[in-house]
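Colleague: First the structure, which I've put down as structure tokens, then a few questions once you've had a look.
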Number of protein chains: 2
Amino acid sequence: MSKKYVYLFSEGDASMRNTLGGKGANLAEMTKLGMPVPQGFTVSTEACTKYYEDGRKINDEIQKEIMENIVKMEEITGMKFGDKENPLLVSVRSGARASMPGMMDTILNLGLNEEVVETLSKKSGNPRWAWDCYRRFIQMYSDVVMEVGKKYFEQLIDEMKEKKGVTQDVELTADDLKELANQFKAEYKSKIGDDFPTDPKEQLMGAIKAVFRSWDNPRANVYRRDNDIPYSWGTAVNVQMMAFGNMGDTSGTGVAFTRNPATGEKALFGEFLMNAQGEDVVAGVRTPQPISQLKEVMPEVYDQFVKICDTLEKHYRDMQDMEFTIQDKKLYMLQTRNGKRTATAALKIACDLVDEGMISDKEAVLMIDPRNLDSLLHPQFDQAVLKKATPLAKALAASPGAACGKVVFTAEDAKAWADKGEKVVLVRLETSPEDIEGMKAAQGILTVRGGMTSHAAVVARGMGTCCVSGCSEINMDEENKKFELAGQTFHEGDEISIDGSTGNVYAGIIPTVEASIGGEFGRIMDWADKYRTMKVRTNADTPHDAAKAKELGAEGIGLCRTEHMFFEGDRIAAIREMICSDTVEQREAALAKLEPMQQGDFEKLYETMGEYGVTIRFLDPPLHEFVPTEEKDIELLAKTQGKTVEQIKAIIASLHEFNPMMGHRGCRLAVTYPEIAAMQTRAVIKAAINVSKKTGKKIVPEIMIPLVGEVKELKYVKDVVTSTADKVIADAGVELEYKVGTMIEIPRAALTADEIAKEAEFFSFGTNDLTQMTFGFSRDDAGKFLGAYYDKKIYENDPFAKLDQVGVGKLVKMAAELGKQTRPDIKLGICGEHGGDPSTVEFCHNVGLTYVSCSPFRVPIARLAAAQAAIKADAQK
Amino acid sequence: MSKKYVYLFSEGDASMRNTLGGKGANLAEMTKLGMPVPQGFTVSTEACTKYYEDGRKINDEIQKEIMENIVKMEEITGMKFGDKENPLLVSVRSGARASMPGMMDTILNLGLNEEVVETLSKKSGNPRWAWDCYRRFIQMYSDVVMEVGKKYFEQLIDEMKEKKGVTQDVELTADDLKELANQFKAEYKSKIGDDFPTDPKEQLMGAIKAVFRSWDNPRANVYRRDNDIPYSWGTAVNVQMMAFGNMGDTSGTGVAFTRNPATGEKALFGEFLMNAQGEDVVAGVRTPQPISQLKEVMPEVYDQFVKICDTLEKHYRDMQDMEFTIQDKKLYMLQTRNGKRTATAALKIACDLVDEGMISDKEAVLMIDPRNLDSLLHPQFDQAVLKKATPLAKALAASPGAACGKVVFTAEDAKAWADKGEKVVLVRLETSPEDIEGMKAAQGILTVRGGMTSHAAVVARGMGTCCVSGCSEINMDEENKKFELAGQTFHEGDEISIDGSTGNVYAGIIPTVEASIGGEFGRIMDWADKYRTMKVRTNADTPHDAAKAKELGAEGIGLCRTEHMFFEGDRIAAIREMICSDTVEQREAALAKLEPMQQGDFEKLYETMGEYGVTIRFLDPPLHEFVPTEEKDIELLAKTQGKTVEQIKAIIASLHEFNPMMGHRGCRLAVTYPEIAAMQTRAVIKAAINVSKKTGKKIVPEIMIPLVGEVKELKYVKDVVTSTADKVIADAGVELEYKVGTMIEIPRAALTADEIAKEAEFFSFGTNDLTQMTFGFSRDDAGKFLGAYYDKKIYENDPFAKLDQVGVGKLVKMAAELGKQTRPDIKLGICGEHGGDPSTVEFCHNVGLTYVSCSPFRVPIARLAAAQAAIKADAQK
């Protein structure tokens with residue numbers, strides 16, 4: 001028997017979502033539940049895949065199967081496709097496995113032609129309705145199937161209304177609509193060259209093809225990328241008998257939620273329009289009425305609907321989002337699905353459902369999309385104002401939250417203006433470590449260059465500051481403190497608003513509202529903590545970030561980047577002094593100045609984190625990141641170093657690297673300058689001794705050596721660390737435990753992890769660098785070609801945001817296994833940007849990591865994702 | 001029972017080389033053969049390893065075992081250590097598993113002190129000898145064990161000779177020598193602070209320790225790195241009863257080879273000195289006599305020696321290098337080993353041994369070190385002149401051969417001077433693709449920067465031109481056309497000589513002699529071809545290189561880098577035009593200009609290679625490598641492009657990359673600009689059609705897509721290639737087979753090779769990039785820290801010269817296995833610089849590659865190495 005591609009609604013159920021798509025499966029389920037569903041059939045998602053495999057063609061076999069199911073529909077309904085007596089009209093709607101609202105296309109009233117319209121008109125005694133259906137069909141078909149823009153038809157409607165002196169569509173008469181239908185057909189012919197198709201079969205195949213094709217439209221592709229939906233899934237197509245909401249005043253259509261999708265409140269929520277088809281509700285030409293008013297308009301239908309809502313919610317055990325149509329006082333259900341909701345609503349609904357005894361706390365945990373928590377933790381734009389705003393540009397949503405303020409162009413200005421009490425948005429080509437203070441002072445950060453893991457993005461996420469990055473449409477003139485965007489010029493002090501959750505940039509001020517976390521947040525997090533087995537740590541370099549993360553549930557610091565501590569005031573001077581040293585002694589003298597500062601930093605971190613683990617990564621970036629670039633700074637450095645400007649410039653030039661990402665950095669610095677590692681060790685250990693004494697708590701510092709690729713390299717640096725640490729401990733006459741581990745961020749480290757585990761007490765996967773090396777592209781440069789890779793479906797996700805489980809993940813898995821072979825109790829963590837991505841968290845759980853570490857504001861996301869991973873993995877056992 | 005660390009000579013044999021070292025094993029073997037060997041014992045290589053493990057100490061257990069064996073020696077010889085009646089004197093000599101001539105230390109006459117010397121003096125009636133031994137011992141012990149420089153003692157000898165009015169050491173009397181010994185001891189005390197040790201046991205342990213320590217001296221470390229000898233092997237120490245060549249005119253010492261080590265001629269070769277110890281032969285204070293003259297001096301001893309030589313050569317079935325001493329007319333053998341020889345001699349000896357029936361052709365193949373073949377294929381310095389020259393500097397031996405000529409500083413000058421008939425050496429900070437013509441015109445190339453795989457090195461090796469790279473001691477002033485090195489200033493036209501086989505740089509002209517390949521070369525190569533199973537291809541971009549490689553035995557082109565074809569005249573103009581295009585159409589127009597040139601290149605390559613496979617790699621480098629850097633070139637480009645200079649500069653700036661190695665290059669170019677791949681495909685296919693027609697040969701072009709990391713990426717480009725190729729073939733109305741494959745040079749490609757093999761018909765491992773990505777360091781930048789890594793024994797080899805089998809090799813093996821899983825007949829090759837390295841060739845054989853590809857002059861090396869790998873693997877079955 002050949003493969004089955006088409007299913008009657010009566011042949012399916014909710015479990016067949018992968019084959020039938022969400023809409024098709026739920027239509028089948030409602031049919032099974034005996035609800036009033038206009039009958040029809042679903043062309044499966046596999047037919048869609050086949051369509052693409054066959055070079056965008058529906059093959060003869062599937063076409064035949066579709067037509068066989070049309071015959072079955074005809075038998076069920078007693079109507080006939082294209083019939084002059086009792087014609088069957090259908091809707092054709094997309095329906096993917098995952099809900100993608102508004103992303104794909106719909107065609108209503110299919111099966112109409114000049115003859116059928118006349119039949120309907122006569123038979124119903126309602127010619128206005130018949131012609132309204134026809135003109136709608138021509139309009140939708142032209143738009144969706146033939147890609148003639150809607151606007152041409154809307155213009156004809158507007159002209160007609162003007163001519164007739166009316167303002168509402170419903171005021172147009174049957175004759176007006178008939179004339180419009182003719183005008184539409186003429187418009188179609190002028191645009192396409194052929195007559196509008198009259199054969200319902202041709203119409204049907206065109207419509208199905210158009211739905212399949214819409215799976216690949218740009219907005220669907222972007223939506224999928226944003227929502228982790230694989231391109232390979234395809235969409236199903238639902239062909240359903242029409243129910244007509246536009247048959248007069250006893251007909252109507254509407255949408256409703258079983259609970260309020262914005263607040264989660266338990267009350268029917270939605271709206272309807274009488275004498276209308278679905279599109280009218282959305283289009284906003286007429287204002288729909290709240291669903292509660294249906295009680296007055298049609299009490300019986302309302303009661304029936306409320307009952308159905310209740311049944312469906314109990315059946316699906318989740319808030320439902322439904323579409324319905326009333327045809328001549330008879331209610332038809334066109335769709336039900338688990339409703340989209342705001343993060344606030346999601347939390348409330350989940351908690352309420354637990355309290356109502358409808359779901360377990362485990363199910364509540366699984367019900368929340370971790371990615372949505374972000375919006376609860378950051379300020380958002382006032383939705384009322386936002387609705388009316390048009391973005392000037394859309395760039396990368398690099399760090400969530402919303403911000404508005406006056407434009408400044410330098411970190412210094414940001415700080416100066418903020419000190420005067422101004423709210424500012426820092427706009428830069430790209431940020432560098434020197435900009436930290438200004439970034440802290442700004443409400444938000446907007447950069448022209450850089451991706452999701454650029455300096456601006458990483459630092460902003462760490463701070464919880466809103467950031468939009470890579471806005472390449474900006475024409476920047478930093479020197480003159482101005483930029484152009486979308487034809488407008490912005491000078492210092494001009495107002496701007498940016499949305500780090502969407503990447504949108506707006507002119508002017510859009511007011512923001514502060515984040516507020518209700519009690520449900522805590523309940524869900526408690527349940528998550530109950531079920532997760534992985535720990536969640538944070539990436540934090542400052543006591544402020546650490547405290548924030550701890551408040552959000554972090555159980556330690558997984559990555560403290562010590563170099564971020566080196567850019568302030570005296571410190572950068574000392575670092576530069578070290579870089580310009582000629583001898584080990586000079587270097588040690590410069591490092592001696594840094595040591596107490598580093599020690600102070602670590603003391604504050606230990607005090608903040610108490611007995612939670614703190615993993616301190618030793619100096620990682622290439623030294624040229626610390627040298628001055630401005631002439632005046634170079635002159636100053638020359639003076640303090642007792643060298644000539646030329647000598648300083650020669651030192652700076654000697655630090656130049658062709659590929660700094662693959663250069664003299666990480667533990668390579670500690671191999672060439674072991675005195676740096678020794679200084680950092682002393683600071684780490686002395687701080688731990690002091691804080692242990694002061695607080696009476698047991699501090700066990702974790703020293704992490706970055707960029708290791710070979711066990712002997714790690715052993716060399718570890719020997720420096722342990723000999724230094726043991727001396728400090730002995731000198732202090734105390735006992736102190738400490739651990740030495742390494743980042744696994746170079747492919748060779750993963751490949752030889754069994755060897756490396758002989759020296760490393762823990763591994764932390766640095767998946768940013770590991771991704772770069774494994775793919776062989778630099779995150780700073782990949783922007784130039786990743787766009788083409790998305791367009792051409794070579795990559796569906798940004799591998800710097802979502803861990804590439806196939807390639808990079810293979811290395812992670814291999815390293816985890818090899819590490820455990822050598823050292824069964826090895827502690828395994830991840831501290832790349834991926835640590836806060838839910839799909840990566842799940843992967844980490846499945847390969848047996850001990851913890852994930854992420855930026856402070858991602859901690860709740862990781863906690864929830866870790867719980868979901870544990871629950872899912874447990875269910876599969 | 002505890003581990004055995006010390007073996008009497010009578011306890012060992014030649015098979016115990018790993019434990020006893022080469023010298024110890026052969027002393028044991030000669031003992032077994034009943035030859036006159038002064039008896040003694042060997043402290044094993046494992047004792048050396050233990051010495052380092054124990055923190056450079058000989059532990060009590062081993063010391064005890066050594067002294068037990070001294071007792072056994074005393075029993076055998078009837079003498080006693082430190083005895084006043086019949087004292088035992090010993091030599092202490094190093095002896096590693098692999099011969100490392102002159103790299104480590106030796107001490108003779110150990111066991112002497114004031115009392116013993118008096119005893120010897122009386123007992124022998126030869127006080128001159130006794131005091132000569134003593135003064136030699138003090139001198140050697142001070143130098144080797146206590147690191148007091150030899151020069152202090154030599155100065156004292158010189159002063160004594162002057163005082164006595166003599167010129168030769170042998171003219172000094174017993175009293176003179178006694179006085180010298182006292183002076184030596186005073187010198188020792190003044191330098192060390194303590195008296196010279198008198199206890200023979202203390203002397204012995206000091207000497208053994210010194211030999212162990214010498215394993216780690218800088219020249220040994222460099223020698224090991226150059227000769228692939230692992231640091232972990234350690235050295236053995238041989239403690240042997242002294243035989244005295246300095247006992248008078250019936251005593252003497254010498255070295256000899258069973259065949260001539262320079263030419264391979266079958267005749268005893270060597271020299272001896274009467275009344276001398278070993279060091280005198282080497283030191284050159286007196287001129288030794290040719291070995292043949294021993295026949296006249298001591299006919300019986302000579303006959304005995306000749307017989308022993310013959311026995312040893314037959315026993316070891318290889319040319320032997322021996323040391324002997326005659327003590328009072330009695331011959332003692334102190335060492336035998338397979339002798340070092342020139343490449344010419346190696347070939348002749350191997351062939352002769354086969355002809356003499358002593359070894360098989362397989363053994364002859366195994367006998368030649370493939371690395372030595374290099375010197376046969378390139379000009380060498382006249383050895384007589386070279387001997388007297390002192391190098392100004394030693395840098396990297398980047399491309400073998402020797403060259404001398406006048407210094408020029410630019411590629412243009414190189415060409416201009418060469419056109420005038422001058423021989424020139426091109427000296428540059430570093431070379432770039434624009435320098436190709438000048439590099440061709442030069443006799444040799446010397447660069448200040450860059451490693452073994454820098455542009456200069458790679459291109460020079462490809463051309464077979466001598467190159468010394470990374471000579472960082474040069475103080476370069478390119479602008480004023482001069483440089484300083486070792487205190488001398490060189491201007492344009494000054495004479496210089498460079499040796500690309502050693503990395504040495506000399507002032508002035510050292511004449512060169514042309515390479516000459518004898519008939520033995522061909523015989524060995526024929527035998528190699530008989531046994532090898534891997535094919536050997538070449539990396540060649542020009543018909544000239546391809547022809548040379550074919551002459552040297554290449555069986556195809558494994559890598560033709562098409563971008564190297566783009567730098568000449570019109571071509572670079574067309575490439576720049578393409579880069580500056582605004583639209584696809586403009587790009588296609590520019591590419592259309594390149595197409596016939598590319599096609600012409602390929603036609604010539606096919607004509608040269610006949611039916612051998614030619615693998616053409618599509619455009620790989622980032623586009624910024626092609627843009628002009630000079631203001632005048634930018635202006636010219638602006639003019640031809642009808643753009644402003646600012647616009648051109650903006651385009652150039654937009655191509656800037658932070659990490660070009662990981663940037664927009666390789667197949668990423670073909671994904672963003674598929675028209676480039678289409679043009680190259682047309683050129684490849686049209687050329688193949690034309691040459692097939694013209695020559696009647698079957699040309700099967702192989703198109704190779706670089707830098708693939710994901711199968712969908714390869715599929716996208718492959719689709720462009722096949723649709724273009726199939727159209728060209730159909731248009732031409734011919735049949736033509738072609739293959740599409742990929743480089744495996746990105747870790748992710750290796751990790752997902754099963755997927756990639758679905759699209760790739762062949763893999764070629766690009767181990768240069770694969771090494772960079774796997775280690776996470778760029779070959780251009782690694783120079784800054786690799787020195788420290790060698791010093792600290794983290795790496796023992798340059799991973800860009802010798803494949804890292806542990807890490808990178810794991811990926812190669814994994815990819816080979818995964819590729820074969822998907823496509824059992826997949827063709828697997830390697831085309832990185834490693835393809836010509838013998839140890840890598842062996843690895844490639846063992847993981848089942850189909851072929852290796854290397855630069856033309858390395859083809860014979862690869863053929864031989866492949867044969868050796870096959871023979872070895874076969875023997876292990």
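Every chain in the structure tokens takes a letter, A first, then B, and so on in the order presented; its residues are numbered from 1, and the ligands are numbered from 1 following the presented order.
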Quick check for you: according to DSSP on this backbone, which residues of region 783-824 of chain B are classed as alpha helix (DSSP H)? Reply as a list in words.

Modeller: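 Put together, the selection reads Gly783, Lys784, Phe785, Leu786, Gly787, Ala788, Tyr789, Tyr790, Asp791, Val808, Gly809, Lys810, Leu811, Val812, Lys813, Met814, Ala815, Ala816, Glu817, Leu818, Gly819, Lys820, Gln821 and Thr822 of chain B.
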
Colleague: Would you please extract all strand (DSSP E) residues from region 419-557 of chain A, as assigned by DSSP on the backbone, and give them as a PyMOL selection string?

Modeller: chain A and resi 424-428+444-447+466-469+475-477+482-485+488-491+495-499+504-507+512-513+535-539+556-557

Colleague: Which residues are near region 707-710 of chain A? Cut-off 10 Å, only C-alpha atoms, ignore same chain within fewer than 3 positions. Put them as JSON, numbers by chain.

Modeller: {"A": [620, 662, 665, 666, 667, 668, 704, 713, 714, 715, 717, 742, 743, 744, 745, 746, 747, 748, 749, 750, 751, 752, 753, 755, 756, 766, 769, 770], "B": [774, 775, 776, 777, 794, 795, 806, 807]}

Colleague: As a list in words, please: the residues near Ala220 (chain A) (cut-off 10 Å, only C-alpha atoms, same-chain neighbours under 4 positions excluded).

Modeller: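 Residues meeting the cut-off are Met100, Pro101, Gly102, Met103, Met104, Ser214, Trp215, Asp216, Arg224, Arg225, Asp226, Ile229 and Tyr231 of chain A.
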
Colleague: Please, could you write that set of residues out with N, CA and C atoms as a compact mmCIF listing (two decimals), in the first residue's frame?

Modeller:
# COMPACT_ATOMS: atom_id res chain seq x y z
N MET A 100 2.02 28.70 14.71
CA MET A 100 2.77 29.85 14.18
C MET A 100 1.76 30.91 13.77
N PRO A 101 1.12 31.55 14.75
CA PRO A 101 -0.04 32.40 14.44
C PRO A 101 0.28 33.49 13.43
N GLY A 102 -0.54 33.53 12.38
CA GLY A 102 -0.43 34.62 11.40
C GLY A 102 0.73 34.47 10.45
N MET A 103 1.50 33.42 10.54
CA MET A 103 2.70 33.31 9.73
C MET A 103 2.40 32.76 8.34
N MET A 104 1.34 31.94 8.25
CA MET A 104 1.06 31.34 6.95
C MET A 104 -0.32 31.73 6.46
N SER A 214 3.81 28.85 1.52
CA SER A 214 3.89 29.88 2.57
C SER A 214 4.76 29.40 3.74
N TRP A 215 4.97 28.09 3.85
CA TRP A 215 5.89 27.55 4.88
C TRP A 215 7.29 28.16 4.71
N ASP A 216 7.60 28.52 3.48
CA ASP A 216 8.94 29.02 3.17
C ASP A 216 8.98 30.54 3.01
N ARG A 224 10.27 30.89 12.71
CA ARG A 224 10.81 29.58 13.09
C ARG A 224 12.16 29.71 13.78
N ARG A 225 13.03 30.59 13.20
CA ARG A 225 14.35 30.75 13.80
C ARG A 225 14.22 31.28 15.23
N ASP A 226 13.31 32.25 15.41
CA ASP A 226 13.11 32.82 16.75
C ASP A 226 12.52 31.81 17.72
N ILE A 229 11.78 26.28 15.64
CA ILE A 229 10.95 25.30 14.93
C ILE A 229 11.71 24.86 13.69
N TYR A 231 12.79 23.72 10.05
CA TYR A 231 12.25 23.87 8.70
C TYR A 231 11.72 22.55 8.18

Colleague: How many Å lie between CA of Ala670 (chain B) and CA of Gln821 (chain B), rounded to one decimal?

Modeller: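 One can read the CA of Ala670 (chain B) to CA of Gln821 (chain B) distance as 27.9 Å.
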
Colleague: List as a compact mmCIF listing (two decimals) with N, CA, C and O atoms, in the first residue's frame the protein and nucleic acid residues near Asn539 (chain A), meaning an atom at most 8 Å away when only C-alpha atoms are counted, but skip any in the same chain fewer than 5 places from it.

Modeller:
# COMPACT_ATOMS: atom_id res chain seq x y z
N GLY A 462 24.91 40.61 30.94
CA GLY A 462 25.43 40.42 32.29
C GLY A 462 24.88 41.45 33.25
O GLY A 462 24.52 41.16 34.39
N ILE A 557 29.11 30.96 41.32
CA ILE A 557 29.59 31.64 40.12
C ILE A 557 30.32 30.61 39.27
O ILE A 557 31.24 29.94 39.75
N GLY A 558 29.87 30.45 38.04
CA GLY A 558 30.49 29.48 37.14
C GLY A 558 31.61 30.09 36.33
O GLY A 558 32.45 29.39 35.78
N LEU A 559 31.58 31.41 36.23
CA LEU A 559 32.61 32.11 35.45
C LEU A 559 32.77 33.53 35.96
O LEU A 559 31.85 34.34 35.81
N CYS A 560 33.91 33.79 36.59
CA CYS A 560 34.27 35.16 36.92
C CYS A 560 35.45 35.52 36.03
O CYS A 560 36.53 34.93 36.14
N CYS A 831 29.88 27.34 30.66
CA CYS A 831 29.86 28.75 31.03
C CYS A 831 29.84 29.64 29.80
O CYS A 831 30.08 30.83 29.89
N SER A 853 26.04 27.56 33.75
CA SER A 853 26.28 28.89 34.28
C SER A 853 25.87 29.90 33.21
O SER A 853 26.19 29.72 32.04
N CYS A 854 25.16 30.94 33.62
CA CYS A 854 24.67 31.91 32.63
C CYS A 854 24.65 33.29 33.25
O CYS A 854 24.88 33.45 34.45
N SER A 855 24.33 34.30 32.45
CA SER A 855 24.31 35.66 32.97
C SER A 855 23.18 35.77 34.00
O SER A 855 22.22 35.01 33.95
N PRO A 856 23.30 36.71 34.94
CA PRO A 856 22.38 36.75 36.09
C PRO A 856 20.90 36.69 35.70
O PRO A 856 20.13 35.92 36.28

Colleague: Can you tell me which residues surround Thr538 (chain B) at a distance of at most 12 Å, considering only C-alpha atoms, apart from same-chain residues fewer than 6 positions away, and format the answer as an MDAnalysis selection string?

Modeller: chainID B and resid 461:463 545:561 609 612:616 829:833 835:836 851:863

Colleague: List as a PyMOL selection string the protein and nucleic acid residues near Ala28 (chain A), meaning an atom at most 8 Å away when only C-alpha atoms are counted, but skip any in the same chain fewer than 4 places from it.

Modeller: chain A and resi 8-14+24+32

Colleague: Record the distance separating CA of Leu27 (chain B) and CA of Arg97 (chain B), expressed in Å with one decimal.

Modeller: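 Between these atoms lies a distance of 13.3 Å.
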
Colleague: Which value, in Å to one decimal, gives the distance between CA of Asn846 (chain B) and CA of Leu818 (chain B)?

Modeller: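 Distance between the two atoms: 15.6 Å.
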